$ cat structure.cif   # mmCIF, C-alpha atoms
data_entry
loop_
_atom_site.group_PDB
_atom_site.id
_atom_site.type_symbol
_atom_site.label_atom_id
_atom_site.label_comp_id
_atom_site.auth_asym_id
_atom_site.auth_seq_id
_atom_site.Cartn_x
_atom_site.Cartn_y
_atom_site.Cartn_z
ATOM 1 C CA MET A 1243 428.947 139.234 114.731
ATOM 2 C CA ALA A 1244 426.174 136.992 115.892
ATOM 3 C CA PHE A 1245 423.044 136.715 113.817
ATOM 4 C CA SER A 1246 420.830 137.316 116.865
ATOM 5 C CA SER A 1247 422.688 140.519 117.658
ATOM 6 C CA ASP A 1248 421.992 141.701 114.106
ATOM 7 C CA LEU A 1249 418.307 140.918 114.514
ATOM 8 C CA ASP A 1250 418.106 142.816 117.759
ATOM 9 C CA GLN A 1251 419.836 145.823 116.257
ATOM 10 C CA ILE A 1252 417.732 145.673 113.097
ATOM 11 C CA THR A 1253 414.570 145.723 115.199
ATOM 12 C CA ARG A 1254 415.773 148.695 117.212
ATOM 13 C CA ALA A 1255 417.076 150.510 114.125
ATOM 14 C CA ALA A 1256 413.716 149.980 112.419
ATOM 15 C CA ALA A 1257 412.104 151.735 115.388
ATOM 16 C CA GLY A 1258 414.440 154.661 114.761
ATOM 17 C CA GLU A 1259 416.826 154.082 117.628
ATOM 18 C CA ARG A 1260 419.946 156.055 116.683
ATOM 19 C CA GLN A 1261 422.362 153.910 118.636
ATOM 20 C CA ALA A 1262 421.304 150.794 116.736
ATOM 21 C CA VAL A 1263 421.438 152.680 113.422
ATOM 22 C CA SER A 1264 424.988 153.852 114.194
ATOM 23 C CA ALA A 1265 426.036 150.338 115.168
ATOM 24 C CA LEU A 1266 424.787 148.906 111.860
ATOM 25 C CA VAL A 1267 426.479 151.682 109.882
ATOM 26 C CA ASN A 1268 429.773 151.303 111.737
ATOM 27 C CA ARG A 1269 429.746 147.537 111.359
ATOM 28 C CA TYR A 1270 428.804 147.246 107.717
ATOM 29 C CA SER A 1271 429.619 150.446 105.832
ATOM 30 C CA PRO A 1272 433.396 149.733 105.581
ATOM 31 C CA GLY A 1273 432.752 146.404 103.837
ATOM 32 C CA VAL A 1274 430.128 147.831 101.505
ATOM 33 C CA LEU A 1275 432.323 150.812 100.625
ATOM 34 C CA ALA A 1276 435.372 148.567 100.068
ATOM 35 C CA LEU A 1277 433.411 146.269 97.776
ATOM 36 C CA ALA A 1278 432.091 149.209 95.746
ATOM 37 C CA THR A 1279 435.505 150.879 95.618
ATOM 38 C CA ARG A 1280 437.210 147.747 94.286
ATOM 39 C CA MET A 1281 434.431 147.074 91.807
ATOM 40 C CA LEU A 1282 434.127 150.606 90.462
ATOM 41 C CA SER A 1283 437.654 151.888 91.042
ATOM 42 C CA ASP A 1284 436.113 155.273 91.787
ATOM 43 C CA ARG A 1285 435.765 156.536 95.345
ATOM 44 C CA ALA A 1286 432.960 159.029 94.653
ATOM 45 C CA GLU A 1287 430.876 156.461 92.815
ATOM 46 C CA ALA A 1288 431.587 153.921 95.548
ATOM 47 C CA GLU A 1289 430.278 156.368 98.166
ATOM 48 C CA ASP A 1290 427.122 156.895 96.085
ATOM 49 C CA VAL A 1291 426.602 153.134 95.941
ATOM 50 C CA THR A 1292 427.151 152.863 99.700
ATOM 51 C CA GLN A 1293 424.553 155.553 100.356
ATOM 52 C CA GLU A 1294 422.054 153.971 97.987
ATOM 53 C CA THR A 1295 422.624 150.577 99.621
ATOM 54 C CA PHE A 1296 421.906 151.926 103.097
ATOM 55 C CA ILE A 1297 418.884 153.922 101.935
ATOM 56 C CA ARG A 1298 417.468 150.659 100.599
ATOM 57 C CA ALA A 1299 418.358 148.955 103.854
ATOM 58 C CA TRP A 1300 416.545 151.584 105.947
ATOM 59 C CA LYS A 1301 413.470 151.185 103.752
ATOM 60 C CA ALA A 1302 413.607 147.412 104.091
ATOM 61 C CA LEU A 1303 414.145 147.314 107.855
ATOM 62 C CA PRO A 1304 410.516 147.637 109.042
ATOM 63 C CA ASN A 1305 409.563 144.558 107.026
ATOM 64 C CA TRP A 1306 412.870 142.750 107.440
ATOM 65 C CA GLU A 1307 412.567 138.971 107.362
ATOM 66 C CA PRO A 1308 415.708 137.139 108.395
ATOM 67 C CA ARG A 1309 415.922 134.836 105.404
ATOM 68 C CA ALA A 1310 419.563 135.814 104.912
ATOM 69 C CA LYS A 1311 422.150 137.448 107.116
ATOM 70 C CA PHE A 1312 421.806 141.221 107.035
ATOM 71 C CA SER A 1313 425.456 141.480 105.959
ATOM 72 C CA THR A 1314 424.889 139.120 103.032
ATOM 73 C CA TRP A 1315 421.791 141.002 101.923
ATOM 74 C CA LEU A 1316 423.547 144.364 102.200
ATOM 75 C CA HIS A 1317 426.558 143.251 100.153
ATOM 76 C CA ARG A 1318 424.292 141.701 97.543
ATOM 77 C CA VAL A 1319 422.422 144.981 97.123
ATOM 78 C CA ALA A 1320 425.720 146.866 96.855
ATOM 79 C CA LEU A 1321 427.086 144.379 94.337
ATOM 80 C CA ASN A 1322 423.995 144.622 92.148
ATOM 81 C CA LEU A 1323 424.203 148.421 92.249
ATOM 82 C CA CYS A 1324 427.839 148.134 91.139
ATOM 83 C CA TYR A 1325 426.852 145.804 88.286
ATOM 84 C CA ASP A 1326 424.243 148.379 87.189
ATOM 85 C CA ARG A 1327 426.776 151.194 87.192
ATOM 86 C CA LEU A 1328 429.364 149.130 85.325
ATOM 87 C CA ARG A 1329 426.739 148.222 82.727
ATOM 88 C CA LYS A 1330 425.802 151.882 82.249
ATOM 89 C CA ARG A 1331 429.458 152.806 82.062
ATOM 90 C CA ARG A 1332 430.029 150.198 79.363
ATOM 91 C CA GLU A 1333 427.022 151.419 77.392
ATOM 92 C CA SER A 1334 428.140 155.038 77.531
ATOM 93 C CA THR A 1335 431.713 154.243 76.463
ATOM 94 C CA MET A 1336 430.760 151.672 73.862
ATOM 95 C CA ALA A 1337 431.355 154.083 70.993
ATOM 96 C CA GLU A 1338 434.754 155.113 72.269
ATOM 97 C CA LEU A 1339 437.843 153.056 71.546
ATOM 98 C CA PRO A 1340 438.997 151.333 74.723
ATOM 99 C CA GLU A 1341 442.208 152.749 76.041
ATOM 100 C CA GLN A 1342 444.963 150.178 76.384
ATOM 101 C CA VAL A 1343 446.486 150.621 79.793
ATOM 102 C CA ASP A 1344 449.740 148.938 80.677
ATOM 103 C CA MET A 1345 449.262 147.820 84.263
ATOM 104 C CA ALA A 1346 452.392 145.699 84.546
ATOM 105 C CA LEU A 1347 454.509 146.388 87.587
ATOM 106 C CA ARG A 1348 457.948 147.537 86.538
ATOM 107 C CA PRO A 1349 461.047 146.769 88.622
ATOM 108 C CA ASP A 1350 461.290 150.389 89.786
ATOM 109 C CA ASP A 1351 457.664 150.207 90.958
ATOM 110 C CA ALA A 1352 458.625 147.528 93.412
ATOM 111 C CA LEU A 1353 459.348 149.940 96.222
ATOM 112 C CA ASP A 1354 456.551 152.332 95.414
ATOM 113 C CA GLN A 1355 453.616 151.022 97.371
ATOM 114 C CA SER A 1356 451.138 153.571 96.077
ATOM 115 C CA GLU A 1357 451.987 152.699 92.460
ATOM 116 C CA ARG A 1358 451.587 149.035 93.283
ATOM 117 C CA VAL A 1359 448.206 149.630 94.892
ATOM 118 C CA LYS A 1360 447.093 151.668 91.897
ATOM 119 C CA ALA A 1361 448.198 148.944 89.509
ATOM 120 C CA VAL A 1362 446.391 146.219 91.471
ATOM 121 C CA GLU A 1363 443.240 148.347 91.770
ATOM 122 C CA GLY A 1364 443.337 148.964 88.029
ATOM 123 C CA ALA A 1365 443.866 145.286 87.279
ATOM 124 C CA ILE A 1366 440.963 144.248 89.531
ATOM 125 C CA ALA A 1367 438.683 146.849 87.995
ATOM 126 C CA ALA A 1368 439.639 145.622 84.526
ATOM 127 C CA LEU A 1369 438.600 142.055 85.335
ATOM 128 C CA PRO A 1370 435.206 140.784 84.189
ATOM 129 C CA GLU A 1371 432.808 142.024 86.874
ATOM 130 C CA ARG A 1372 431.994 138.645 88.415
ATOM 131 C CA GLN A 1373 435.673 137.755 88.691
ATOM 132 C CA ALA A 1374 436.353 141.124 90.316
ATOM 133 C CA ALA A 1375 433.518 140.538 92.771
ATOM 134 C CA ALA A 1376 434.725 137.032 93.661
ATOM 135 C CA LEU A 1377 438.264 138.248 94.228
ATOM 136 C CA THR A 1378 437.179 141.227 96.310
ATOM 137 C CA LEU A 1379 434.818 139.251 98.520
ATOM 138 C CA CYS A 1380 437.172 136.318 99.109
ATOM 139 C CA ALA A 1381 440.702 137.713 98.927
ATOM 140 C CA LEU A 1382 440.258 141.297 100.086
ATOM 141 C CA GLN A 1383 437.410 140.917 102.565
ATOM 142 C CA ASP A 1384 436.732 138.450 105.326
ATOM 143 C CA HIS A 1385 433.744 136.706 103.812
ATOM 144 C CA SER A 1386 433.584 132.946 104.126
ATOM 145 C CA GLN A 1387 433.351 130.951 100.921
ATOM 146 C CA ALA A 1388 429.699 130.158 101.586
ATOM 147 C CA GLU A 1389 428.853 133.787 102.321
ATOM 148 C CA ALA A 1390 430.679 135.099 99.231
ATOM 149 C CA ALA A 1391 428.836 132.546 97.109
ATOM 150 C CA GLU A 1392 425.528 133.574 98.684
ATOM 151 C CA ILE A 1393 426.198 137.263 98.053
ATOM 152 C CA MET A 1394 426.911 136.485 94.407
ATOM 153 C CA GLU A 1395 424.031 134.000 94.236
ATOM 154 C CA ILE A 1396 426.245 131.266 92.828
ATOM 155 C CA SER A 1397 427.587 127.926 94.074
ATOM 156 C CA VAL A 1398 430.914 127.619 95.885
ATOM 157 C CA GLU A 1399 432.190 125.642 92.878
ATOM 158 C CA ALA A 1400 431.335 128.493 90.527
ATOM 159 C CA LEU A 1401 432.960 130.928 92.949
ATOM 160 C CA GLU A 1402 436.126 128.827 92.917
ATOM 161 C CA SER A 1403 436.207 128.871 89.139
ATOM 162 C CA LEU A 1404 435.810 132.668 89.033
ATOM 163 C CA LEU A 1405 438.561 133.082 91.620
ATOM 164 C CA ALA A 1406 441.010 130.890 89.743
ATOM 165 C CA ARG A 1407 440.453 132.828 86.523
ATOM 166 C CA ALA A 1408 440.719 136.160 88.311
ATOM 167 C CA ARG A 1409 443.984 135.272 90.018
ATOM 168 C CA ARG A 1410 445.444 133.897 86.792
ATOM 169 C CA THR A 1411 444.573 137.095 84.924
ATOM 170 C CA LEU A 1412 445.919 139.261 87.716
ATOM 171 C CA ARG A 1413 449.203 137.431 87.701
ATOM 172 C CA THR A 1414 449.466 137.620 83.926
ATOM 173 C CA VAL A 1415 448.687 141.326 83.819
ATOM 174 C CA LEU A 1416 450.723 142.449 86.804
ATOM 175 C CA MET A 1417 453.704 140.152 86.955
ATOM 176 C CA GLU A 1418 454.551 138.250 83.850
ATOM 177 C CA ARG A 1419 454.929 141.329 81.691
ATOM 178 C CA SER A 1420 457.317 142.872 84.151
ATOM 179 C CA GLU A 1421 459.287 139.637 84.290
ATOM 180 C CA ALA A 1422 459.622 139.582 80.489
ATOM 181 C CA MET B 754 433.906 115.402 99.342
ATOM 182 C CA THR B 755 436.273 112.483 99.804
ATOM 183 C CA ASN B 756 439.481 112.461 101.763
ATOM 184 C CA THR B 757 441.478 111.582 98.656
ATOM 185 C CA MET B 758 443.279 114.422 96.972
ATOM 186 C CA THR B 759 444.740 114.348 93.506
ATOM 187 C CA ASP B 760 447.564 116.538 92.198
ATOM 188 C CA ALA B 761 445.203 118.196 89.738
ATOM 189 C CA ARG B 762 442.669 118.997 92.447
ATOM 190 C CA LEU B 763 445.330 120.404 94.741
ATOM 191 C CA ILE B 764 446.654 122.648 91.960
ATOM 192 C CA ALA B 765 443.097 123.831 91.292
ATOM 193 C CA LEU B 766 442.700 124.683 94.982
ATOM 194 C CA ILE B 767 445.989 126.609 95.049
ATOM 195 C CA GLU B 768 445.019 128.539 91.922
ATOM 196 C CA ALA B 769 441.653 129.525 93.358
ATOM 197 C CA TRP B 770 442.265 130.068 97.068
ATOM 198 C CA GLY B 771 445.964 130.934 97.154
ATOM 199 C CA ALA B 772 449.059 129.425 98.728
ATOM 200 C CA ASP B 773 447.678 129.233 102.275
ATOM 201 C CA ALA B 774 445.992 125.869 102.687
ATOM 202 C CA ASN B 775 443.954 127.277 105.580
ATOM 203 C CA ALA B 776 441.954 129.202 102.972
ATOM 204 C CA PHE B 777 440.940 126.024 101.136
ATOM 205 C CA PRO B 778 437.388 124.720 101.567
ATOM 206 C CA GLU B 779 437.134 123.000 104.925
ATOM 207 C CA THR B 780 436.025 119.676 103.495
ATOM 208 C CA GLU B 781 439.225 119.332 101.439
ATOM 209 C CA ARG B 782 441.677 121.112 103.687
ATOM 210 C CA ALA B 783 443.087 118.163 105.598
ATOM 211 C CA ALA B 784 443.604 116.026 102.502
ATOM 212 C CA ALA B 785 445.222 118.945 100.679
ATOM 213 C CA LYS B 786 447.589 119.620 103.561
ATOM 214 C CA ALA B 787 448.528 115.947 103.707
ATOM 215 C CA LEU B 788 449.385 115.866 100.016
ATOM 216 C CA LEU B 789 451.383 119.096 100.281
ATOM 217 C CA ALA B 790 453.363 117.688 103.181
ATOM 218 C CA GLU B 791 453.959 114.457 101.298
ATOM 219 C CA ALA B 792 455.399 116.041 98.136
ATOM 220 C CA PRO B 793 456.163 119.739 98.643
ATOM 221 C CA ASP B 794 458.505 120.013 95.637
ATOM 222 C CA ARG B 795 455.847 118.840 93.241
ATOM 223 C CA PHE B 796 453.729 121.922 93.937
ATOM 224 C CA ALA B 797 456.507 124.467 94.527
ATOM 225 C CA ASP B 798 455.927 126.402 91.290
ATOM 226 C CA ASP B 799 452.172 126.555 91.803
ATOM 227 C CA LEU B 800 452.634 127.692 95.374
ATOM 228 C CA GLN B 801 455.122 130.390 94.330
ATOM 229 C CA ALA B 802 452.778 131.728 91.647
ATOM 230 C CA ALA B 803 449.963 131.843 94.203
ATOM 231 C CA ARG B 804 452.213 133.561 96.777
ATOM 232 C CA ASP B 805 452.999 136.334 94.260
ATOM 233 C CA VAL B 806 449.312 137.083 93.816
ATOM 234 C CA ASP B 807 448.662 136.748 97.554
ATOM 235 C CA ALA B 808 451.381 139.336 98.215
ATOM 236 C CA LEU B 809 449.854 141.779 95.745
ATOM 237 C CA LEU B 810 446.387 141.391 97.229
ATOM 238 C CA GLY B 811 447.677 141.446 100.786
ATOM 239 C CA GLY B 812 449.251 144.849 100.203
ATOM 240 C CA MET B 813 445.963 146.498 99.426
ATOM 241 C CA PRO B 814 445.021 149.124 101.997
ATOM 242 C CA ASP B 815 441.755 149.015 103.905
ATOM 243 C CA VAL B 816 438.989 151.254 102.651
ATOM 244 C CA THR B 817 437.580 153.399 105.448
ATOM 245 C CA PRO B 818 434.422 155.489 105.195
ATOM 246 C CA SER B 819 434.905 159.189 105.879
ATOM 247 C CA ALA B 820 433.186 160.792 108.863
ATOM 248 C CA ALA B 821 430.966 162.690 106.415
ATOM 249 C CA LEU B 822 429.818 159.497 104.711
ATOM 250 C CA THR B 823 429.146 157.791 108.041
ATOM 251 C CA ALA B 824 427.096 160.780 109.200
ATOM 252 C CA ALA B 825 425.140 160.832 105.930
ATOM 253 C CA LEU B 826 424.322 157.123 106.243
ATOM 254 C CA ILE B 827 423.075 157.591 109.809
ATOM 255 C CA ASP B 828 421.077 160.702 108.871
ATOM 256 C CA ALA B 829 419.378 158.810 106.040
ATOM 257 C CA ALA B 830 417.876 156.363 108.536
ATOM 258 C CA PRO B 831 414.281 156.945 109.590
ATOM 259 C CA ASN B 832 413.854 158.872 112.834
ATOM 260 C CA ALA B 833 412.129 157.368 115.812
ATOM 261 C CA ARG B 834 408.453 157.211 114.951
ATOM 262 C CA PRO B 835 406.050 158.699 117.485
ATOM 263 C CA GLN B 836 403.911 155.991 119.044
ATOM 264 C CA ARG B 837 400.542 155.814 117.390
ATOM 265 C CA ARG B 838 397.843 157.302 119.700
ATOM 266 C CA SER B 839 394.344 155.990 119.597
ATOM 267 C CA TRP B 840 391.407 158.430 119.506
ATOM 268 C CA LEU B 841 390.729 157.567 123.151
ATOM 269 C CA ALA B 842 394.218 158.657 124.100
ATOM 270 C CA ALA B 843 393.581 162.004 122.451
ATOM 271 C CA ILE B 844 390.763 162.788 124.888
ATOM 272 C CA PRO B 845 391.966 164.738 127.957
ATOM 273 C CA ARG B 846 391.827 162.573 131.080
ATOM 274 C CA TRP B 847 390.235 164.716 133.856
ATOM 275 C CA PRO B 848 387.097 165.642 131.895
ATOM 276 C CA THR B 849 386.698 161.964 131.065
ATOM 277 C CA VAL B 850 386.933 160.962 134.704
ATOM 278 C CA GLY B 851 384.417 163.686 135.600
ATOM 279 C CA ALA B 852 381.992 162.576 132.931
ATOM 280 C CA LEU B 853 382.260 158.957 134.015
ATOM 281 C CA ALA B 854 381.696 159.926 137.670
ATOM 282 C CA SER B 855 378.608 161.963 136.737
ATOM 283 C CA LEU B 856 377.311 159.039 134.745
ATOM 284 C CA ALA B 857 377.822 156.693 137.678
ATOM 285 C CA ILE B 858 376.041 159.050 140.108
ATOM 286 C CA GLY B 859 373.187 159.562 137.659
ATOM 287 C CA LEU B 860 372.788 155.818 137.238
ATOM 288 C CA ALA B 861 372.767 155.267 140.998
ATOM 289 C CA ILE B 862 370.050 157.889 141.508
ATOM 290 C CA GLY B 863 368.080 156.620 138.563
ATOM 291 C CA LEU B 864 368.139 153.029 139.833
ATOM 292 C CA GLY B 865 367.065 154.143 143.301
ATOM 293 C CA THR B 866 364.166 156.107 141.877
ATOM 294 C CA ALA B 867 363.055 153.240 139.704
ATOM 295 C CA GLN B 868 362.925 150.898 142.707
ATOM 296 C CA SER B 869 360.834 153.285 144.804
ATOM 297 C CA GLY B 870 358.603 154.060 141.793
ATOM 298 C CA THR B 871 356.947 150.681 142.101
ATOM 299 C CA THR B 872 355.283 151.602 145.447
ATOM 300 C CA ALA B 873 351.522 152.197 145.730
ATOM 301 C CA THR B 874 352.012 155.797 146.953
ATOM 302 C CA THR B 875 353.528 156.846 143.736
ATOM 303 C CA GLU B 876 350.838 155.036 141.738
ATOM 304 C CA ASP B 877 348.133 156.885 143.722
ATOM 305 C CA SER B 878 349.603 160.280 143.169
ATOM 306 C CA VAL B 879 349.991 159.570 139.478
ATOM 307 C CA ASP B 880 346.352 158.451 139.320
ATOM 308 C CA THR B 881 345.255 161.639 141.123
ATOM 309 C CA LEU B 882 347.199 163.724 138.711
ATOM 310 C CA VAL B 883 345.725 161.957 135.666
ATOM 311 C CA TYR B 884 342.110 162.191 136.965
ATOM 312 C CA ALA B 885 342.542 165.853 137.844
ATOM 313 C CA ALA B 886 343.860 166.524 134.412
ATOM 314 C CA LEU B 887 340.755 164.845 132.969
ATOM 315 C CA GLY B 888 338.437 167.058 135.120
ATOM 316 C CA PHE B 889 337.370 164.473 137.670
ATOM 317 C CA ASP B 890 337.085 165.161 141.359
ATOM 318 C CA VAL B 891 338.930 162.120 142.549
ATOM 319 C CA ILE B 892 337.274 161.877 146.011
ATOM 320 C CA ASN B 893 333.668 162.258 144.648
ATOM 321 C CA TYR B 894 334.467 159.922 141.792
ATOM 322 C CA SER B 895 335.673 157.326 144.279
ATOM 323 C CA GLN B 896 332.518 157.650 146.445
ATOM 324 C CA GLU B 897 330.201 157.421 143.432
ATOM 325 C CA THR B 898 332.036 154.385 142.261
ATOM 326 C CA ALA B 899 331.664 152.808 145.727
ATOM 327 C CA GLN B 900 327.870 153.402 145.768
#
$ encode --input "structure.cif" --output "C-alpha cells"
Amino acid sequence: MAFSSDLDQITRAAAGERQAVSALVNRYSPGVLALATRMLSDRAEAEDVTQETFIRAWKALPNWEPRAKFSTWLHRVALNLCYDRLRKRRESTMAELPEQVDMALRPDDALDQSERVKAVEGAIAALPERQAAALTLCALQDHSQAEAAEIMEISVEALESLLARARRTLRTVLMERSEA
Amino acid sequence: MTNTMTDARLIALIEAWGADANAFPETERAAAKALLAEAPDRFADDLQAARDVDALLGGMPDVTPSAALTAALIDAAPNARPQRRSWLAAIPRWPTVGALASLAIGLAIGLGTAQSGTTATTEDSVDTLVYAALGFDVINYSQETAQ
C-alpha cells in the first residue's frame, strides 16, 4: 500500500474518523497478530500484544511524523512487546528445569498437517528470539529484506546471518532427527 | 555488490533466503541465477535442503484476527474530537447582531450630535444656563457689560 495513502489515513484516523481507523486495523492487524503468534506461540498473548500495539499507535497518531512507514513502526512496536514478554517468561521459568520437547517430524506425521504445523510453530518459538523474528518477517510474511531489517533495527547482512542460522536449526530440529 | 558470484556466496544465499533465487537480494540475484544455471549439480544438495525448509514454512496457515479482536482494536481508537469552539463562538448570534446594531446607531447619533454641538446656538444656550445657575440675569448683565 502506498506510503501517501497511509499518511492520508493516519491523518483521518487521528481525527477520529472511523472509516480510516477500520482501514488501518484491517490492513495491519493480521501481520501484527501473525508476528506475535509466531514469536510467542500463544494466541491469547499474541492478541494482547496486538491490542497493546494498536493502543500505542492510536496514542501516537496525533503527533505522527512519517520518519518510517507506519507498517514498519507498528511491527517494531509489536516485536519489542514480544521481546519483553519472552524476557519475562524466561525470568519466571528460570528456576524450573526446561522441558525437553522432541519436535522432530516422524514419518507418520507426514500426512497430518496440523501436527506438522504444531511442530514448526514449536520449533520457531524455540529459536533464539531474533532468529525467530527474522524467519517470521522474511519467510512467513511479505516484508522486503530492507523492511524486515528496519523493523528489527539491524542491517540486511545481519538479517541474512540470523535467517541462515534459523533455517539451519529448523532443519536440524524438524527433519534430520526424523531421517535418522 | 559486484556481478561476480562465488560458490560459497551462492551457498550462503541459499541457506539464508531459501531455494528460490527470486528471494535473494536484488543486487546479487542475476549473478546467483547465472551461476546456478551454469552448474546446477554443484548446488543440488544445498537447494534440496533449502526446499525442505521452504516446504515446512510454506505450509504454515495464515493467522487471521477474530471479529472480536478487530472490533476491540477499532473501539480502542480515539473518537472524533469535537471541534474546539472559541469563546466568541459560544456567544449566541442574534443578541450579538442586535448589540452591534445598537452600537452602530448610537455611534451615528452621537457623531451627528457632536457635529451640531459646535454651532454658536448651542454655545449661547449653554452660556445662558451657566449664568442663570450663577444667579446672573443674562440680558441685564449683557447691557451692563456693553455700557
$ interface_residues --input "structure.cif" --of "chain A" --to "chain B" --cutoff "9 Å" --atoms "all atoms listed in the file" --output "VMD selection string"
chain A and resid 1255 to 1260 1263 to 1264 1267 to 1268 1271 to 1273 1275 to 1277 1279 1289 1292 to 1293 1296 to 1297 1299 to 1301 1355 1358 to 1359 1362 to 1363 1380 to 1382 1387 1401 to 1410 1412 to 1413 1416 to 1417
$ write_last_selection --input "structure.cif" --atoms "C-alpha atoms" --output "PDB file, in the coordinates of the input"
ATOM      1  CA  ALA A1255     417.076 150.510 114.125  1.00  0.00           C
ATOM      2  CA  ALA A1256     413.716 149.980 112.419  1.00  0.00           C
ATOM      3  CA  ALA A1257     412.104 151.735 115.388  1.00  0.00           C
ATOM      4  CA  GLY A1258     414.440 154.661 114.761  1.00  0.00           C
ATOM      5  CA  GLU A1259     416.826 154.082 117.628  1.00  0.00           C
ATOM      6  CA  ARG A1260     419.946 156.055 116.683  1.00  0.00           C
ATOM      7  CA  VAL A1263     421.438 152.680 113.422  1.00  0.00           C
ATOM      8  CA  SER A1264     424.988 153.852 114.194  1.00  0.00           C
ATOM      9  CA  VAL A1267     426.479 151.682 109.882  1.00  0.00           C
ATOM     10  CA  ASN A1268     429.773 151.303 111.737  1.00  0.00           C
ATOM     11  CA  SER A1271     429.619 150.446 105.832  1.00  0.00           C
ATOM     12  CA  PRO A1272     433.396 149.733 105.581  1.00  0.00           C
ATOM     13  CA  GLY A1273     432.752 146.404 103.837  1.00  0.00           C
ATOM     14  CA  LEU A1275     432.323 150.812 100.625  1.00  0.00           C
ATOM     15  CA  ALA A1276     435.372 148.567 100.068  1.00  0.00           C
ATOM     16  CA  LEU A1277     433.411 146.269  97.776  1.00  0.00           C
ATOM     17  CA  THR A1279     435.505 150.879  95.618  1.00  0.00           C
ATOM     18  CA  GLU A1289     430.278 156.368  98.166  1.00  0.00           C
ATOM     19  CA  THR A1292     427.151 152.863  99.700  1.00  0.00           C
ATOM     20  CA  GLN A1293     424.553 155.553 100.356  1.00  0.00           C
ATOM     21  CA  PHE A1296     421.906 151.926 103.097  1.00  0.00           C
ATOM     22  CA  ILE A1297     418.884 153.922 101.935  1.00  0.00           C
ATOM     23  CA  ALA A1299     418.358 148.955 103.854  1.00  0.00           C
ATOM     24  CA  TRP A1300     416.545 151.584 105.947  1.00  0.00           C
ATOM     25  CA  LYS A1301     413.470 151.185 103.752  1.00  0.00           C
ATOM     26  CA  GLN A1355     453.616 151.022  97.371  1.00  0.00           C
ATOM     27  CA  ARG A1358     451.587 149.035  93.283  1.00  0.00           C
ATOM     28  CA  VAL A1359     448.206 149.630  94.892  1.00  0.00           C
ATOM     29  CA  VAL A1362     446.391 146.219  91.471  1.00  0.00           C
ATOM     30  CA  GLU A1363     443.240 148.347  91.770  1.00  0.00           C
ATOM     31  CA  CYS A1380     437.172 136.318  99.109  1.00  0.00           C
ATOM     32  CA  ALA A1381     440.702 137.713  98.927  1.00  0.00           C
ATOM     33  CA  LEU A1382     440.258 141.297 100.086  1.00  0.00           C
ATOM     34  CA  GLN A1387     433.351 130.951 100.921  1.00  0.00           C
ATOM     35  CA  LEU A1401     432.960 130.928  92.949  1.00  0.00           C
ATOM     36  CA  GLU A1402     436.126 128.827  92.917  1.00  0.00           C
ATOM     37  CA  SER A1403     436.207 128.871  89.139  1.00  0.00           C
ATOM     38  CA  LEU A1404     435.810 132.668  89.033  1.00  0.00           C
ATOM     39  CA  LEU A1405     438.561 133.082  91.620  1.00  0.00           C
ATOM     40  CA  ALA A1406     441.010 130.890  89.743  1.00  0.00           C
ATOM     41  CA  ARG A1407     440.453 132.828  86.523  1.00  0.00           C
ATOM     42  CA  ALA A1408     440.719 136.160  88.311  1.00  0.00           C
ATOM     43  CA  ARG A1409     443.984 135.272  90.018  1.00  0.00           C
ATOM     44  CA  ARG A1410     445.444 133.897  86.792  1.00  0.00           C
ATOM     45  CA  LEU A1412     445.919 139.261  87.716  1.00  0.00           C
ATOM     46  CA  ARG A1413     449.203 137.431  87.701  1.00  0.00           C
ATOM     47  CA  LEU A1416     450.723 142.449  86.804  1.00  0.00           C
ATOM     48  CA  MET A1417     453.704 140.152  86.955  1.00  0.00           C
TER      49      MET A1417
END
$ resolve_selection --input "structure.cif" --expression "the PyMOL selection byres ((chain A and resi 1249) around 12)" --output "list in words"
Met1243, Ala1244, Phe1245, Ser1246, Ser1247, Asp1248, Asp1250, Gln1251, Ile1252, Thr1253, Arg1254, Ala1255, Ala1256, Ala1262, Leu1266, Leu1303, Pro1304, Trp1306, Glu1307, Pro1308, Arg1309, Ala1310, Lys1311, Phe1312 and Ser1313 of chain A
$ axis_aligned_box --input "structure.cif" --around "segment 766-780 of chain B" --padding-each-side "5 Å" --output "lines of an AutoDock Vina configuration file"
center_x = 442.5
center_y = 125.3
center_z = 98.8
size_x = 23.0
size_y = 21.3
size_z = 23.7
$ atom_distance --input "structure.cif" --atom1 "atom CA of Ala1288 of chain A" --atom2 "atom CA of Ala1390 of chain A"
19.2 Å
$ atom_distance --input "structure.cif" --atom1 "atom CA of Thr1414 of chain A" --atom2 "atom CA of Thr759 of chain B"
25.6 Å
$ atom_distance --input "structure.cif" --atom1 "atom CA of Glu791 of chain B" --atom2 "atom CA of Asp760 of chain B"
11.3 Å
$ closest_residue --input "structure.cif" --among "B:Met758, B:Ala821, B:Ala861, B:Ala808" --to "Leu789 of chain B" --atoms "only C-alpha atoms"
B:Met758
$ closest_residue --input "structure.cif" --among "A:Thr1335, A:Ala1367, A:Tyr1270, A:Met1394" --to "Asp1284 of chain A" --atoms "only C-alpha atoms"
A:Ala1367
$ resolve_selection --input "structure.cif" --expression "the PyMOL selection byres ((chain A and resi 1321) around 10)" --output "ChimeraX atom specification"
/A:1274,1277-1278,1281,1291,1295,1315-1320,1322-1327,1371-1372,1375,1393-1394
